[in-house]
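Peer 1: my_file-v4.pdb is the file, holding PDB, C-alpha atoms and all ligand atoms:
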```pdb
ATOM      1  CA  MET A  48     113.644 147.230 115.098
ATOM      2  CA  THR A  49     111.160 144.990 116.886
ATOM      3  CA  ASP A  50     108.268 142.830 115.766
ATOM      4  CA  THR A  51     104.781 142.762 117.262
ATOM      5  CA  ALA A  52     106.008 140.576 120.133
ATOM      6  CA  GLY A  53     108.730 143.080 120.971
ATOM      7  CA  ASN A  54     111.603 140.884 119.808
ATOM      8  CA  ALA A  55     114.605 142.339 118.048
ATOM      9  CA  THR A  56     114.605 141.378 114.381
ATOM     10  CA  THR A  57     117.783 143.055 113.188
ATOM     11  CA  THR A  58     121.185 143.549 114.749
ATOM     12  CA  SER A  59     121.652 146.989 113.286
ATOM     13  CA  GLY A  60     119.153 149.786 112.931
ATOM     14  CA  ASP A  61     120.615 150.609 109.509
ATOM     15  CA  GLU A  62     119.778 147.294 107.885
ATOM     16  CA  PRO A  63     116.491 146.978 106.053
ATOM     17  CA  VAL A  64     114.098 144.491 107.616
ATOM     18  CA  THR A  65     113.911 141.436 105.377
ATOM     19  CA  MET A  66     112.487 138.886 107.795
ATOM     20  CA  MET A  67     110.383 138.964 110.941
ATOM     21  CA  GLU A  68     109.501 136.124 113.281
ATOM     22  CA  TYR A  69     106.281 136.100 115.213
ATOM     23  CA  PHE A  70     103.653 133.696 116.429
ATOM     24  CA  MET A  71     100.234 133.796 114.914
ATOM     25  CA  GLN A  72      97.094 131.736 115.031
ATOM     26  CA  LEU A  73      94.644 131.115 112.232
ATOM     27  CA  GLU A  74      91.245 129.544 112.655
ATOM     28  CA  TYR A  75      89.616 128.054 109.584
ATOM     29  CA  SER A  76      85.948 127.334 109.281
ATOM     30  CA  ASP A  77      85.102 125.227 106.271
ATOM     31  CA  VAL A  78      81.492 124.986 105.131
ATOM     32  CA  VAL A  79      80.927 121.318 104.382
ATOM     33  CA  SER A  80      79.479 120.825 100.906
ATOM     34  CA  ALA A  81      76.040 119.239 100.413
ATOM     35  CA  PRO A  82      77.444 116.012  98.866
ATOM     36  CA  VAL A  83      79.855 115.576 101.774
ATOM     37  CA  MET A  84      77.039 116.245 104.275
ATOM     38  CA  ARG A  85      75.070 113.425 102.653
ATOM     39  CA  PHE A  86      78.172 111.228 102.759
ATOM     40  CA  ARG A  87      78.530 111.949 106.479
ATOM     41  CA  ASP A  88      74.870 111.132 107.108
ATOM     42  CA  ALA A  89      75.300 107.812 105.303
ATOM     43  CA  LEU A  90      78.401 106.962 107.373
ATOM     44  CA  MET A  91      76.406 107.520 110.550
ATOM     45  CA  ASP A  92      74.058 104.886 109.141
ATOM     46  CA  ALA A  93      77.008 102.526 108.351
ATOM     47  CA  ARG A  94      76.608 103.060 104.610
ATOM     48  CA  LEU A  95      79.014 104.265 101.925
ATOM     49  CA  ILE A  96      77.670 106.468  99.160
ATOM     50  CA  ALA A  97      79.383 107.984  96.154
ATOM     51  CA  GLN A  98      78.658 109.884  92.970
ATOM     52  CA  GLN A  99      79.136 108.305  89.567
ATOM     53  CA  CYS A 100      79.874 110.424  86.541
ATOM     54  CA  PRO A 101      77.278 109.708  83.814
ATOM     55  CA  LYS A 102      79.910 110.276  81.118
ATOM     56  CA  CYS A 103      83.079 108.443  82.190
ATOM     57  CA  LYS A 104      81.368 106.232  84.823
ATOM     58  CA  LEU A 105      84.104 106.955  87.377
ATOM     59  CA  VAL A 106      82.939 106.567  90.983
ATOM     60  CA  TYR A 107      83.843 109.389  93.365
ATOM     61  CA  VAL A 108      83.995 108.469  97.030
ATOM     62  CA  PRO A 109      83.593 110.695  98.960
ATOM     63  CA  PRO A 110      81.299 112.506  96.498
ATOM     64  CA  LYS A 111      82.893 115.628  94.993
ATOM     65  CA  GLY A 112      79.928 117.347  93.386
ATOM     66  CA  TYR A 113      81.618 117.301  89.974
ATOM     67  CA  CYS A 114      83.716 115.166  87.641
ATOM     68  CA  PRO A 115      86.998 116.983  86.998
ATOM     69  CA  ILE A 116      87.644 114.921  83.874
ATOM     70  CA  ASP A 117      84.419 115.794  82.080
ATOM     71  CA  THR A 118      83.704 119.051  83.941
ATOM     72  CA  VAL A 119      80.237 117.704  84.675
ATOM     73  CA  GLU A 120      78.328 118.775  87.775
ATOM     74  CA  LEU A 121      77.154 115.835  89.901
ATOM     75  CA  ASP A 122      74.269 115.847  92.365
ATOM     76  CA  GLU A 123      71.879 113.494  94.149
ATOM     77  CA  ARG A 124      70.735 112.039  90.837
ATOM     78  CA  ASN A 125      74.256 110.687  90.354
ATOM     79  CA  GLU A 126      74.423 109.201  93.834
ATOM     80  CA  ILE A 127      74.991 105.460  94.230
ATOM     81  CA  GLN A 128      75.227 103.066  97.162
ATOM     82  CA  LEU A 129      78.550 101.277  97.503
ATOM     83  CA  ALA A 130      79.344  97.827  98.796
ATOM     84  CA  ASP A 131      81.166  97.720 102.124
ATOM     85  CA  ARG A 132      83.354  94.809 101.073
ATOM     86  CA  GLY A 133      85.981  94.412  98.421
ATOM     87  CA  VAL A 134      89.590  93.515  97.753
ATOM     88  CA  VAL A 135      92.982  94.832  98.872
ATOM     89  CA  THR A 136      94.633  96.060  95.669
ATOM     90  CA  ASN A 137      97.875  97.342  97.234
ATOM     91  CA  TYR A 138      99.181  98.315 100.643
ATOM     92  CA  THR A 139     102.024  99.857 102.577
ATOM     93  CA  VAL A 140     103.512  98.657 105.869
ATOM     94  CA  VAL A 141     104.184 101.704 108.020
ATOM     95  CA  THR A 142     106.909 101.389 110.669
ATOM     96  CA  PRO A 143     106.284 104.174 113.183
ATOM     97  CA  VAL A 144     109.145 106.448 114.226
ATOM     98  CA  GLN A 145     108.967 107.183 117.943
ATOM     99  CA  TYR A 146     108.742 110.980 117.885
ATOM    100  CA  TYR A 147     107.087 112.893 120.719
ATOM    101  CA  GLY A 148     103.333 112.333 120.582
ATOM    102  CA  GLN A 149     103.526 109.188 118.442
ATOM    103  CA  LYS A 150     100.818 106.770 119.552
ATOM    104  CA  GLU A 151     101.712 103.857 117.289
ATOM    105  CA  THR A 152     104.460 101.513 118.459
ATOM    106  CA  GLU A 153     104.168  98.569 116.070
ATOM    107  CA  PRO A 154     104.209  98.355 112.257
ATOM    108  CA  PHE A 155     100.740  98.685 110.727
ATOM    109  CA  VAL A 156      99.177  98.537 107.284
ATOM    110  CA  ARG A 157      97.522 101.199 105.156
ATOM    111  CA  ALA A 158      95.708  99.603 102.237
ATOM    112  CA  SER A 159      93.795 100.622  99.130
ATOM    113  CA  ILE A 160      90.466  98.814  98.938
ATOM    114  CA  LEU A 161      88.606  98.362  95.655
ATOM    115  CA  LEU A 162      84.967  97.918  96.654
ATOM    116  CA  ASP A 163      82.761  95.338  94.973
ATOM    117  CA  PRO A 164      80.461  96.528  92.138
ATOM    118  CA  PRO A 165      79.403  99.235  91.526
ATOM    119  CA  GLY A 166      82.981  99.968  92.595
ATOM    120  CA  GLY A 167      84.767 102.843  94.263
ATOM    121  CA  MET A 168      88.214 102.978  95.819
ATOM    122  CA  LEU A 169      89.100 103.802  99.425
ATOM    123  CA  ILE A 170      92.737 104.548 100.180
ATOM    124  CA  LEU A 171      94.739 104.551 103.439
ATOM    125  CA  GLN A 172      92.491 102.009 105.152
ATOM    126  CA  ASP A 173      93.443 100.105 108.277
ATOM    127  CA  VAL A 174      93.470  96.310 107.904
ATOM    128  CA  LEU A 175      92.302  94.669 111.121
ATOM    129  CA  ASP A 176      92.268  91.186 112.656
ATOM    130  CA  ILE A 177      95.265  89.859 110.726
ATOM    131  CA  PRO A 178      99.042  89.991 111.340
ATOM    132  CA  VAL A 179     100.798  92.596 109.197
ATOM    133  CA  ALA A 180     102.961  89.925 107.536
ATOM    134  CA  GLU A 181      99.854  88.102 106.252
ATOM    135  CA  VAL A 182      98.241  91.066 104.478
ATOM    136  CA  ARG A 183      98.414  90.639 100.692
ATOM    137  CA  ALA A 184      97.066  92.109  97.472
ATOM    138  CA  GLY A 185      94.018  90.170  96.344
ATOM    139  CA  MET A 186      92.792  89.518  99.882
ATOM    140  CA  ARG A 187      89.010  89.795 100.259
ATOM    141  CA  VAL A 188      87.915  92.157 103.054
ATOM    142  CA  GLU A 189      84.799  93.615 104.644
ATOM    143  CA  ALA A 190      84.195  96.869 106.485
ATOM    144  CA  VAL A 191      84.429  97.077 110.272
ATOM    145  CA  TRP A 192      82.005  99.809 111.326
ATOM    146  CA  ALA A 193      82.186 101.565 114.660
ATOM    147  CA  PRO A 194      79.202 100.529 116.807
ATOM    148  CA  LYS A 195      76.097 102.674 116.436
ATOM    149  CA  GLY A 196      76.313 105.391 119.080
ATOM    150  CA  GLU A 197      80.112 105.548 118.817
ATOM    151  CA  ARG A 198      80.244 106.792 115.232
ATOM    152  CA  ASP A 199      81.634 110.267 114.762
ATOM    153  CA  VAL A 200      81.923 112.136 111.470
ATOM    154  CA  ASP A 201      82.830 115.577 112.816
ATOM    155  CA  GLU A 202      86.332 115.333 111.352
ATOM    156  CA  ILE A 203      85.087 114.722 107.815
ATOM    157  CA  GLY A 204      85.240 117.864 105.714
ATOM    158  CA  ASN A 205      85.503 118.685 102.033
ATOM    159  CA  ARG A 206      89.143 117.567 101.822
ATOM    160  CA  SER A 207      89.173 114.617 104.218
ATOM    161  CA  GLY A 208      89.480 111.977 101.516
ATOM    162  CA  SER A 209      89.153 108.443 102.799
ATOM    163  CA  ALA A 210      90.067 109.172 106.441
ATOM    164  CA  LEU A 211      86.895 107.743 107.948
ATOM    165  CA  GLU A 212      88.192 106.217 111.198
ATOM    166  CA  GLY A 213      85.460 107.802 113.316
ATOM    167  CA  SER A 214      82.831 105.674 111.596
ATOM    168  CA  LEU A 215      84.628 103.095 109.461
ATOM    169  CA  ARG A 216      87.366 101.571 111.610
ATOM    170  CA  GLY A 217      88.946  99.643 108.756
ATOM    171  CA  PHE A 218      88.595  96.344 106.903
ATOM    172  CA  ARG A 219      89.082  92.736 108.012
ATOM    173  CA  PRO A 220      89.551  89.532 105.985
ATOM    174  CA  THR A 221      86.365  87.725 104.962
ATOM    175  CA  GLY A 222      88.101  84.366 104.548
ATOM    176  CA  GLU A 223      86.984  84.105 100.908
ATOM    177  CA  PRO A 224      89.562  82.931  98.346
ATOM    178  CA  ASP A 225      91.939  85.665  97.146
ATOM    179  CA  MET A 226      91.144  87.396  93.872
ATOM    180  CA  PRO A 227      93.646  87.050  91.003
ATOM    181  CA  ALA A 228      95.709  90.154  90.250
ATOM    182  CA  GLU A 229      94.164  90.425  86.759
ATOM    183  CA  ALA A 230      90.822  91.212  88.415
ATOM    184  CA  PHE A 231      92.068  94.522  89.836
ATOM    185  CA  SER A 232      95.550  95.307  88.484
ATOM    186  CA  ASP A 233      94.190  98.068  86.232
ATOM    187  CA  LYS A 234      92.682  99.806  89.278
ATOM    188  CA  VAL A 235      95.636  99.902  91.670
ATOM    189  CA  TRP A 236      95.882 103.262  93.423
TER     190      TRP A 236
HETATM  191 ZN    ZN B   1      83.417 111.920  84.169
END
```
Take the structure from the file and write it as structure tokens.

Peer 2:
Amino acid sequence: MTDTAGNATTTSGDEPVTMMEYFMQLEYSDVVSAPVMRFRDALMDARLIAQQCPKCKLVYVPPKGYCPIDTVELDERNEIQLADRGVVTNYTVVTPVQYYGQKETEPFVRASILLDPPGGMLILQDVLDIPVAEVRAGMRVEAVWAPKGERDVDEIGNRSGSALEGSLRGFRPTGEPDMPAEAFSDKVW
């Protein structure tokens, strides 16, 4: 018995075929939703937008087009502008393993950022311009946008989440006093 590549898949012709190995390639094309297209346009303009549910008031960034809690459809009428500064609520120090293709060599931070009112949470953000050991919850930060002309949102699709590196490089400390944990501890993500 052979597979489509001509490789033997069984050792005996009497055994039923239960497994085959072959190489295949799949190409996905994902039609980007209207809310995400608007989100991408805003990023190119160094702005963050979101949708806010009129019922539960939760802020969805990137916009989803619906609130899964209330099963309410959201559209441009529910769109809000977000601040591009906020506070580090929690973070992880990632120590890169040196596998083939790894580009990172030094430990780095991925942080959750609670944006100033009207709110919104970005996860997995880079924290720039500060040693890893000095990053802390409560630290005030501001967005570092890629320069106009270098921004790229091609990678942002319907399931990209907060991976915005092509336009929003990360966040850096503002130098303002830290916020007390009580100010954000109910919003840690
Ligand atoms: Zn809701």

Peer 1: What separation in Å, quoted to one decimal, exists between CA of Asp77 in chain A and CA of Ala193 in chain A?

Peer 2: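 These atoms are spaced 25.3 Å apart.
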
Peer 1: Using only C-alpha atoms and all ligand atoms, I'd like a table of the residues in chain A that come within 9 Å of ligand ZN 1 (chain B); for each, show the closest atom pair and its distance in Å rounded to one decimal, ordered by chain and ascending number, as JSON lines.

Peer 2:
```
{"residue": "A:Gln99", "atom": "CA", "partner": "B:ZN1", "partner_atom": "ZN", "distance": 7.8}
{"residue": "A:Cys100", "atom": "CA", "partner": "B:ZN1", "partner_atom": "ZN", "distance": 4.5}
{"residue": "A:Pro101", "atom": "CA", "partner": "B:ZN1", "partner_atom": "ZN", "distance": 6.5}
{"residue": "A:Lys102", "atom": "CA", "partner": "B:ZN1", "partner_atom": "ZN", "distance": 4.9}
{"residue": "A:Cys103", "atom": "CA", "partner": "B:ZN1", "partner_atom": "ZN", "distance": 4.0}
{"residue": "A:Lys104", "atom": "CA", "partner": "B:ZN1", "partner_atom": "ZN", "distance": 6.1}
{"residue": "A:Leu105", "atom": "CA", "partner": "B:ZN1", "partner_atom": "ZN", "distance": 6.0}
{"residue": "A:Val106", "atom": "CA", "partner": "B:ZN1", "partner_atom": "ZN", "distance": 8.7}
{"residue": "A:Tyr113", "atom": "CA", "partner": "B:ZN1", "partner_atom": "ZN", "distance": 8.1}
{"residue": "A:Cys114", "atom": "CA", "partner": "B:ZN1", "partner_atom": "ZN", "distance": 4.8}
{"residue": "A:Pro115", "atom": "CA", "partner": "B:ZN1", "partner_atom": "ZN", "distance": 6.8}
{"residue": "A:Ile116", "atom": "CA", "partner": "B:ZN1", "partner_atom": "ZN", "distance": 5.2}
{"residue": "A:Asp117", "atom": "CA", "partner": "B:ZN1", "partner_atom": "ZN", "distance": 4.5}
{"residue": "A:Thr118", "atom": "CA", "partner": "B:ZN1", "partner_atom": "ZN", "distance": 7.1}
{"residue": "A:Val119", "atom": "CA", "partner": "B:ZN1", "partner_atom": "ZN", "distance": 6.6}
```

Peer 1: Give me the residues near Glu189 in chain A as a list in words, where near means some atom within 10 Å (using only C-alpha atoms) and where sequence neighbours in that chain fewer than 4 positions away do not count.

Peer 2: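 Non-adjacent residues within range: Ala130, Asp131, Arg132, Gly133, Val134, Ile160, Leu162, Val174, Leu175, Gly217, Phe218, Arg219, Pro220, Thr221 and Gly222 of chain A.
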
Peer 1: Mind dumping the selected residues with C-alpha atoms as a tab-separated table (two decimals), keeping the file's coordinate frame?

Peer 2:
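File written: selection.tsv
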```tsv
chain	number	residue	atom	x	y	z
A	130	ALA	CA	79.34	97.83	98.80
A	131	ASP	CA	81.17	97.72	102.12
A	132	ARG	CA	83.35	94.81	101.07
A	133	GLY	CA	85.98	94.41	98.42
A	134	VAL	CA	89.59	93.52	97.75
A	160	ILE	CA	90.47	98.81	98.94
A	162	LEU	CA	84.97	97.92	96.65
A	174	VAL	CA	93.47	96.31	107.90
A	175	LEU	CA	92.30	94.67	111.12
A	217	GLY	CA	88.95	99.64	108.76
A	218	PHE	CA	88.60	96.34	106.90
A	219	ARG	CA	89.08	92.74	108.01
A	220	PRO	CA	89.55	89.53	105.98
A	221	THR	CA	86.36	87.72	104.96
A	222	GLY	CA	88.10	84.37	104.55
```

Peer 1: Smallest atom-to-atom distance to Glu181 in chain A: which of A:Val235, A:Val140, A:Leu95, A:Leu90, using only C-alpha atoms?

Peer 2: A:Val140

Peer 1: What gap, in Å, lies between CA of Met91 in chain A and CA of Leu169 in chain A?

Peer 2: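 Value for the CA of Met91 in chain A-CA of Leu169 in chain A distance: 17.3 Å.
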
Peer 1: Please tell me which residues are no farther than 8 Å from (83.5, 110.5, 113.0) in the file, counting all atoms listed in the file, and write them as a PyMOL selection string.

Peer 2: chain A and resi 198-203+211-214
